[in-house]
Amino acid sequence: MTAPRGPAASRDTTTPQDPAAGGVPALRVTVEGVQAAEFAAVPTLEFALRVSGADGAEVRSVVLETQLRIAVTRRSYDEASRERLADLFGPPELWARRPASLLWAQIVTQVPAFTGETTALLRVPCTYDFDVAAAKYLDGVRDGEIPLEFLFSGTVFSLAGGMLRATRIPWDTEAGFRMPAATWRDLMDRYFPGAAWLRLGRDTFDRLHAYRTRNALPGWDDVVESLLKAGADGRR
């Protein structure tokens, strides 16, 4: 599979069956763009999909299941990126063993009735939890593009011979897209300006809270700065 080129490049796979022969209506899915969701309770990206049915097939609805993966090996990394991703892929000598892709999300999208072609939005909630591999990767890559793979499956409900048929989308239906690396960071800056998040165990948090109270520190940044300074000075 050849990697697509350009920030809005996409690759699609068309199912070969002919609906007149009683098979799956030939569908073509392409990814045309991405933007931050305008109104969402959590950080969410919206990928614009174009779904086409061959020969004007009358599709009543599509339950589109998408596995979204990051194609790690389809781009190069400078030294700064490798340092930021060392916690994920290890030191340079281990990079040859890094996985070919990382699972980002699994989403189900309801596509309404159409004849010919239609558009749909694939909404992907994004986490700022750095214990999640995809979030760690997206934060570590600061420039260029993120190569993505969209692996589609699901069910097509269509009319064939005057009867409603339900057929599965072939497993090899897929598309590619190269997302600008800044897209994810801009989204996080919108929801968490100038901030990052750490997940702590309850006991650790209670000890930090006691340290903050004992030292009359005004904020959590001050707690961390105090501990880092104490560590640098060789004190406890």
# chains A, B, ... in the order shown; residues from 1 in each chain; ligands from 1
call {"tool": "select_by_dssp", "arguments": {"residues": "region 16-207 of chain A", "states": "strand (DSSP E)", "output": "NGL selection string"}}
result
:A and (27-36 or 44-53 or 58-70 or 102-111 or 114-115 or 117-125 or 145-160 or 163-168 or 174-180)
call {"tool": "residues_around", "arguments": {"residues": "Leu102 (chain A)", "least_positions_apart": "6", "cutoff": "7 Å", "atoms": "only C-alpha atoms", "output": "PyMOL selection string"}}
result
chain A and resi 69-72+134
call {"tool": "write_last_selection", "arguments": {"atoms": "all heavy atoms", "output": "tab-separated table (two decimals), in the first residue's frame"}}
result
chain	number	residue	atom	x	y	z
A	69	ARG	N	-5.85	4.16	12.69
A	69	ARG	CA	-4.51	3.81	13.13
A	69	ARG	C	-3.51	4.85	12.63
A	69	ARG	O	-3.71	5.49	11.59
A	69	ARG	CB	-4.10	2.43	12.61
A	69	ARG	CG	-5.07	1.32	12.99
A	69	ARG	CD	-4.55	-0.05	12.63
A	69	ARG	NE	-3.42	-0.43	13.48
A	69	ARG	CZ	-3.53	-1.04	14.65
A	69	ARG	NH1	-4.73	-1.36	15.11
A	69	ARG	NH2	-2.47	-1.35	15.36
A	70	ILE	N	-2.43	5.03	13.41
A	70	ILE	CA	-1.33	5.91	13.02
A	70	ILE	C	-0.25	5.05	12.38
A	70	ILE	O	0.27	4.12	13.00
A	70	ILE	CB	-0.75	6.64	14.25
A	70	ILE	CG1	-1.85	7.48	14.94
A	70	ILE	CG2	0.42	7.53	13.84
A	70	ILE	CD1	-1.42	8.03	16.29
A	71	ALA	N	0.06	5.34	11.12
A	71	ALA	CA	1.06	4.56	10.37
A	71	ALA	C	2.45	5.08	10.72
A	71	ALA	O	3.03	5.90	10.00
A	71	ALA	CB	0.80	4.65	8.88
A	72	VAL	N	2.99	4.60	11.82
A	72	VAL	CA	4.21	5.12	12.42
A	72	VAL	C	5.40	5.12	11.45
A	72	VAL	O	6.19	6.06	11.41
A	72	VAL	CB	4.56	4.31	13.69
A	72	VAL	CG1	5.93	4.70	14.23
A	72	VAL	CG2	3.48	4.49	14.74
A	134	ALA	N	-1.31	6.56	21.69
A	134	ALA	CA	-1.61	7.48	20.59
A	134	ALA	C	-1.42	8.93	21.01
A	134	ALA	O	-0.87	9.75	20.26
A	134	ALA	CB	-3.03	7.25	20.08
call {"tool": "atom_distance", "arguments": {"atom1": "CA of Ser61 (chain A)", "atom2": "CA of Pro43 (chain A)"}}
result
27.6 Å
call {"tool": "residues_around", "arguments": {"residues": "Pro112 (chain A)", "least_positions_apart": "5", "cutoff": "9 Å", "atoms": "only C-alpha atoms", "output": "list in words"}}
result
Val59, Arg60, Ser61, Val62, Val63, Thr118 and Ala120 of chain A
call {"tool": "closest_residue", "arguments": {"among": "A:Leu49, A:Ala80, A:Cys126, A:Leu151", "to": "Met188 (chain A)", "atoms": "only C-alpha atoms"}}
result
A:Cys126
call {"tool": "closest_residue", "arguments": {"among": "A:Leu198, A:Phe114, A:Ala100, A:Tyr77", "to": "Asp143 (chain A)", "atoms": "only C-alpha atoms"}}
result
A:Tyr77
call {"tool": "select_by_dssp", "arguments": {"residues": "region 102-174 of chain A", "states": "helix (DSSP H, G or I)", "output": "list in words"}}
result
Ala133, Ala134, Ala135, Lys136, Tyr137, Leu138, Asp139 and Gly140 of chain A
call {"tool": "atom_distance", "arguments": {"atom1": "CA of Asp172 (chain A)", "atom2": "CA of Gln106 (chain A)"}}
result
16.1 Å
call {"tool": "closest_residue", "arguments": {"among": "A:Asp139, A:Glu79, A:Glu149, A:Asp233", "to": "Ala196 (chain A)", "atoms": "only C-alpha atoms"}}
result
A:Asp139
call {"tool": "decode", "arguments": {"residues": "region 91-106 of chain A", "atoms": "all heavy atoms", "output": "PDB file, in the first residue's frame"}}
result
ATOM      1  N   PRO A  91      15.216   3.799  23.066  1.00  0.00           N
ATOM      2  CA  PRO A  91      16.380   4.518  22.537  1.00  0.00           C
ATOM      3  C   PRO A  91      16.567   4.226  21.050  1.00  0.00           C
ATOM      4  O   PRO A  91      15.960   3.302  20.498  1.00  0.00           O
ATOM      5  CB  PRO A  91      17.537   3.962  23.370  1.00  0.00           C
ATOM      6  CG  PRO A  91      17.060   2.631  23.855  1.00  0.00           C
ATOM      7  CD  PRO A  91      15.579   2.750  24.038  1.00  0.00           C
ATOM      8  N   PRO A  92      17.413   5.031  20.369  1.00  0.00           N
ATOM      9  CA  PRO A  92      17.588   4.892  18.909  1.00  0.00           C
ATOM     10  C   PRO A  92      17.883   3.483  18.432  1.00  0.00           C
ATOM     11  O   PRO A  92      17.387   3.066  17.380  1.00  0.00           O
ATOM     12  CB  PRO A  92      18.751   5.845  18.616  1.00  0.00           C
ATOM     13  CG  PRO A  92      18.686   6.879  19.688  1.00  0.00           C
ATOM     14  CD  PRO A  92      18.215   6.148  20.918  1.00  0.00           C
ATOM     15  N   GLU A  93      18.663   2.732  19.204  1.00  0.00           N
ATOM     16  CA  GLU A  93      19.029   1.387  18.747  1.00  0.00           C
ATOM     17  C   GLU A  93      17.839   0.427  18.715  1.00  0.00           C
ATOM     18  O   GLU A  93      17.919  -0.651  18.108  1.00  0.00           O
ATOM     19  CB  GLU A  93      20.137   0.806  19.625  1.00  0.00           C
ATOM     20  CG  GLU A  93      19.801   0.663  21.090  1.00  0.00           C
ATOM     21  CD  GLU A  93      20.180   1.890  21.904  1.00  0.00           C
ATOM     22  OE1 GLU A  93      20.341   2.977  21.302  1.00  0.00           O
ATOM     23  OE2 GLU A  93      20.315   1.756  23.136  1.00  0.00           O
ATOM     24  N   LEU A  94      16.727   0.794  19.344  1.00  0.00           N
ATOM     25  CA  LEU A  94      15.548  -0.070  19.345  1.00  0.00           C
ATOM     26  C   LEU A  94      14.473   0.368  18.358  1.00  0.00           C
ATOM     27  O   LEU A  94      13.431  -0.282  18.240  1.00  0.00           O
ATOM     28  CB  LEU A  94      14.944  -0.125  20.757  1.00  0.00           C
ATOM     29  CG  LEU A  94      15.816  -0.740  21.858  1.00  0.00           C
ATOM     30  CD1 LEU A  94      15.072  -0.725  23.180  1.00  0.00           C
ATOM     31  CD2 LEU A  94      16.216  -2.167  21.493  1.00  0.00           C
ATOM     32  N   TRP A  95      14.717   1.466  17.638  1.00  0.00           N
ATOM     33  CA  TRP A  95      13.670   1.997  16.770  1.00  0.00           C
ATOM     34  C   TRP A  95      13.327   1.061  15.616  1.00  0.00           C
ATOM     35  O   TRP A  95      12.227   1.115  15.074  1.00  0.00           O
ATOM     36  CB  TRP A  95      14.081   3.377  16.249  1.00  0.00           C
ATOM     37  CG  TRP A  95      13.579   4.459  17.153  1.00  0.00           C
ATOM     38  CD1 TRP A  95      13.900   4.629  18.464  1.00  0.00           C
ATOM     39  CD2 TRP A  95      12.650   5.482  16.826  1.00  0.00           C
ATOM     40  NE1 TRP A  95      13.242   5.701  18.987  1.00  0.00           N
ATOM     41  CE2 TRP A  95      12.463   6.259  18.000  1.00  0.00           C
ATOM     42  CE3 TRP A  95      11.972   5.833  15.672  1.00  0.00           C
ATOM     43  CZ2 TRP A  95      11.613   7.357  18.030  1.00  0.00           C
ATOM     44  CZ3 TRP A  95      11.124   6.926  15.701  1.00  0.00           C
ATOM     45  CH2 TRP A  95      10.946   7.682  16.869  1.00  0.00           C
ATOM     46  N   ALA A  96      14.253   0.219  15.215  1.00  0.00           N
ATOM     47  CA  ALA A  96      13.957  -0.724  14.138  1.00  0.00           C
ATOM     48  C   ALA A  96      12.861  -1.704  14.548  1.00  0.00           C
ATOM     49  O   ALA A  96      12.213  -2.315  13.698  1.00  0.00           O
ATOM     50  CB  ALA A  96      15.218  -1.480  13.739  1.00  0.00           C
ATOM     51  N   ARG A  97      12.630  -1.853  15.861  1.00  0.00           N
ATOM     52  CA  ARG A  97      11.618  -2.783  16.356  1.00  0.00           C
ATOM     53  C   ARG A  97      10.287  -2.107  16.638  1.00  0.00           C
ATOM     54  O   ARG A  97       9.363  -2.752  17.130  1.00  0.00           O
ATOM     55  CB  ARG A  97      12.116  -3.455  17.635  1.00  0.00           C
ATOM     56  CG  ARG A  97      13.449  -4.167  17.491  1.00  0.00           C
ATOM     57  CD  ARG A  97      13.854  -4.766  18.834  1.00  0.00           C
ATOM     58  NE  ARG A  97      15.206  -5.311  18.784  1.00  0.00           N
ATOM     59  CZ  ARG A  97      15.844  -5.820  19.834  1.00  0.00           C
ATOM     60  NH1 ARG A  97      15.231  -5.836  21.024  1.00  0.00           N
ATOM     61  NH2 ARG A  97      17.072  -6.293  19.719  1.00  0.00           N
ATOM     62  N   ARG A  98      10.176  -0.824  16.360  1.00  0.00           N
ATOM     63  CA  ARG A  98       8.926  -0.127  16.660  1.00  0.00           C
ATOM     64  C   ARG A  98       7.793  -0.700  15.809  1.00  0.00           C
ATOM     65  O   ARG A  98       8.014  -1.205  14.713  1.00  0.00           O
ATOM     66  CB  ARG A  98       9.067   1.373  16.419  1.00  0.00           C
ATOM     67  CG  ARG A  98       9.195   1.797  14.954  1.00  0.00           C
ATOM     68  CD  ARG A  98       9.527   3.277  14.868  1.00  0.00           C
ATOM     69  NE  ARG A  98       9.519   3.777  13.510  1.00  0.00           N
ATOM     70  CZ  ARG A  98      10.513   3.674  12.657  1.00  0.00           C
ATOM     71  NH1 ARG A  98      11.627   3.057  13.039  1.00  0.00           N
ATOM     72  NH2 ARG A  98      10.431   4.181  11.440  1.00  0.00           N
ATOM     73  N   PRO A  99       6.561  -0.635  16.306  1.00  0.00           N
ATOM     74  CA  PRO A  99       5.431  -1.199  15.555  1.00  0.00           C
ATOM     75  C   PRO A  99       5.170  -0.406  14.279  1.00  0.00           C
ATOM     76  O   PRO A  99       5.488   0.786  14.194  1.00  0.00           O
ATOM     77  CB  PRO A  99       4.258  -1.069  16.534  1.00  0.00           C
ATOM     78  CG  PRO A  99       4.652   0.056  17.443  1.00  0.00           C
ATOM     79  CD  PRO A  99       6.141  -0.028  17.592  1.00  0.00           C
ATOM     80  N   ALA A 100       4.590  -1.069  13.298  1.00  0.00           N
ATOM     81  CA  ALA A 100       4.280  -0.396  12.038  1.00  0.00           C
ATOM     82  C   ALA A 100       3.157   0.619  12.212  1.00  0.00           C
ATOM     83  O   ALA A 100       3.094   1.613  11.480  1.00  0.00           O
ATOM     84  CB  ALA A 100       3.901  -1.420  10.971  1.00  0.00           C
ATOM     85  N   SER A 101       2.276   0.390  13.191  1.00  0.00           N
ATOM     86  CA  SER A 101       1.161   1.314  13.404  1.00  0.00           C
ATOM     87  C   SER A 101       0.710   1.272  14.857  1.00  0.00           C
ATOM     88  O   SER A 101       0.988   0.316  15.576  1.00  0.00           O
ATOM     89  CB  SER A 101      -0.010   0.979  12.470  1.00  0.00           C
ATOM     90  OG  SER A 101      -0.526  -0.300  12.766  1.00  0.00           O
ATOM     91  N   LEU A 102       0.006   2.329  15.244  1.00  0.00           N
ATOM     92  CA  LEU A 102      -0.571   2.437  16.585  1.00  0.00           C
ATOM     93  C   LEU A 102      -2.076   2.628  16.454  1.00  0.00           C
ATOM     94  O   LEU A 102      -2.539   3.434  15.640  1.00  0.00           O
ATOM     95  CB  LEU A 102       0.012   3.635  17.346  1.00  0.00           C
ATOM     96  CG  LEU A 102       1.480   3.612  17.753  1.00  0.00           C
ATOM     97  CD1 LEU A 102       1.864   4.958  18.358  1.00  0.00           C
ATOM     98  CD2 LEU A 102       1.746   2.498  18.746  1.00  0.00           C
ATOM     99  N   LEU A 103      -2.836   1.908  17.266  1.00  0.00           N
ATOM    100  CA  LEU A 103      -4.281   2.104  17.284  1.00  0.00           C
ATOM    101  C   LEU A 103      -4.597   3.436  17.953  1.00  0.00           C
ATOM    102  O   LEU A 103      -4.143   3.714  19.061  1.00  0.00           O
ATOM    103  CB  LEU A 103      -4.958   0.970  18.048  1.00  0.00           C
ATOM    104  CG  LEU A 103      -6.479   1.085  18.208  1.00  0.00           C
ATOM    105  CD1 LEU A 103      -7.178   1.060  16.864  1.00  0.00           C
ATOM    106  CD2 LEU A 103      -7.002  -0.013  19.117  1.00  0.00           C
ATOM    107  N   TRP A 104      -5.371   4.271  17.265  1.00  0.00           N
ATOM    108  CA  TRP A 104      -5.784   5.559  17.818  1.00  0.00           C
ATOM    109  C   TRP A 104      -7.216   5.467  18.364  1.00  0.00           C
ATOM    110  O   TRP A 104      -7.478   5.814  19.510  1.00  0.00           O
ATOM    111  CB  TRP A 104      -5.673   6.648  16.752  1.00  0.00           C
ATOM    112  CG  TRP A 104      -6.044   8.029  17.231  1.00  0.00           C
ATOM    113  CD1 TRP A 104      -6.516   8.377  18.462  1.00  0.00           C
ATOM    114  CD2 TRP A 104      -5.955   9.241  16.486  1.00  0.00           C
ATOM    115  NE1 TRP A 104      -6.747   9.726  18.534  1.00  0.00           N
ATOM    116  CE2 TRP A 104      -6.404  10.290  17.334  1.00  0.00           C
ATOM    117  CE3 TRP A 104      -5.555   9.542  15.188  1.00  0.00           C
ATOM    118  CZ2 TRP A 104      -6.463  11.612  16.906  1.00  0.00           C
ATOM    119  CZ3 TRP A 104      -5.604  10.862  14.767  1.00  0.00           C
ATOM    120  CH2 TRP A 104      -6.050  11.885  15.618  1.00  0.00           C
ATOM    121  N   ALA A 105      -8.150   5.010  17.532  1.00  0.00           N
ATOM    122  CA  ALA A 105      -9.543   5.008  17.971  1.00  0.00           C
ATOM    123  C   ALA A 105     -10.345   4.010  17.150  1.00  0.00           C
ATOM    124  O   ALA A 105      -9.941   3.598  16.061  1.00  0.00           O
ATOM    125  CB  ALA A 105     -10.147   6.406  17.819  1.00  0.00           C
ATOM    126  N   GLN A 106     -11.502   3.621  17.699  1.00  0.00           N
ATOM    127  CA  GLN A 106     -12.488   2.822  16.984  1.00  0.00           C
ATOM    128  C   GLN A 106     -13.830   3.528  17.114  1.00  0.00           C
ATOM    129  O   GLN A 106     -14.275   3.805  18.222  1.00  0.00           O
ATOM    130  CB  GLN A 106     -12.547   1.399  17.540  1.00  0.00           C
ATOM    131  CG  GLN A 106     -11.218   0.651  17.399  1.00  0.00           C
ATOM    132  CD  GLN A 106     -11.347  -0.828  17.701  1.00  0.00           C
ATOM    133  OE1 GLN A 106     -11.769  -1.615  16.875  1.00  0.00           O
ATOM    134  NE2 GLN A 106     -10.967  -1.206  18.908  1.00  0.00           N
TER     135      GLN A 106
END
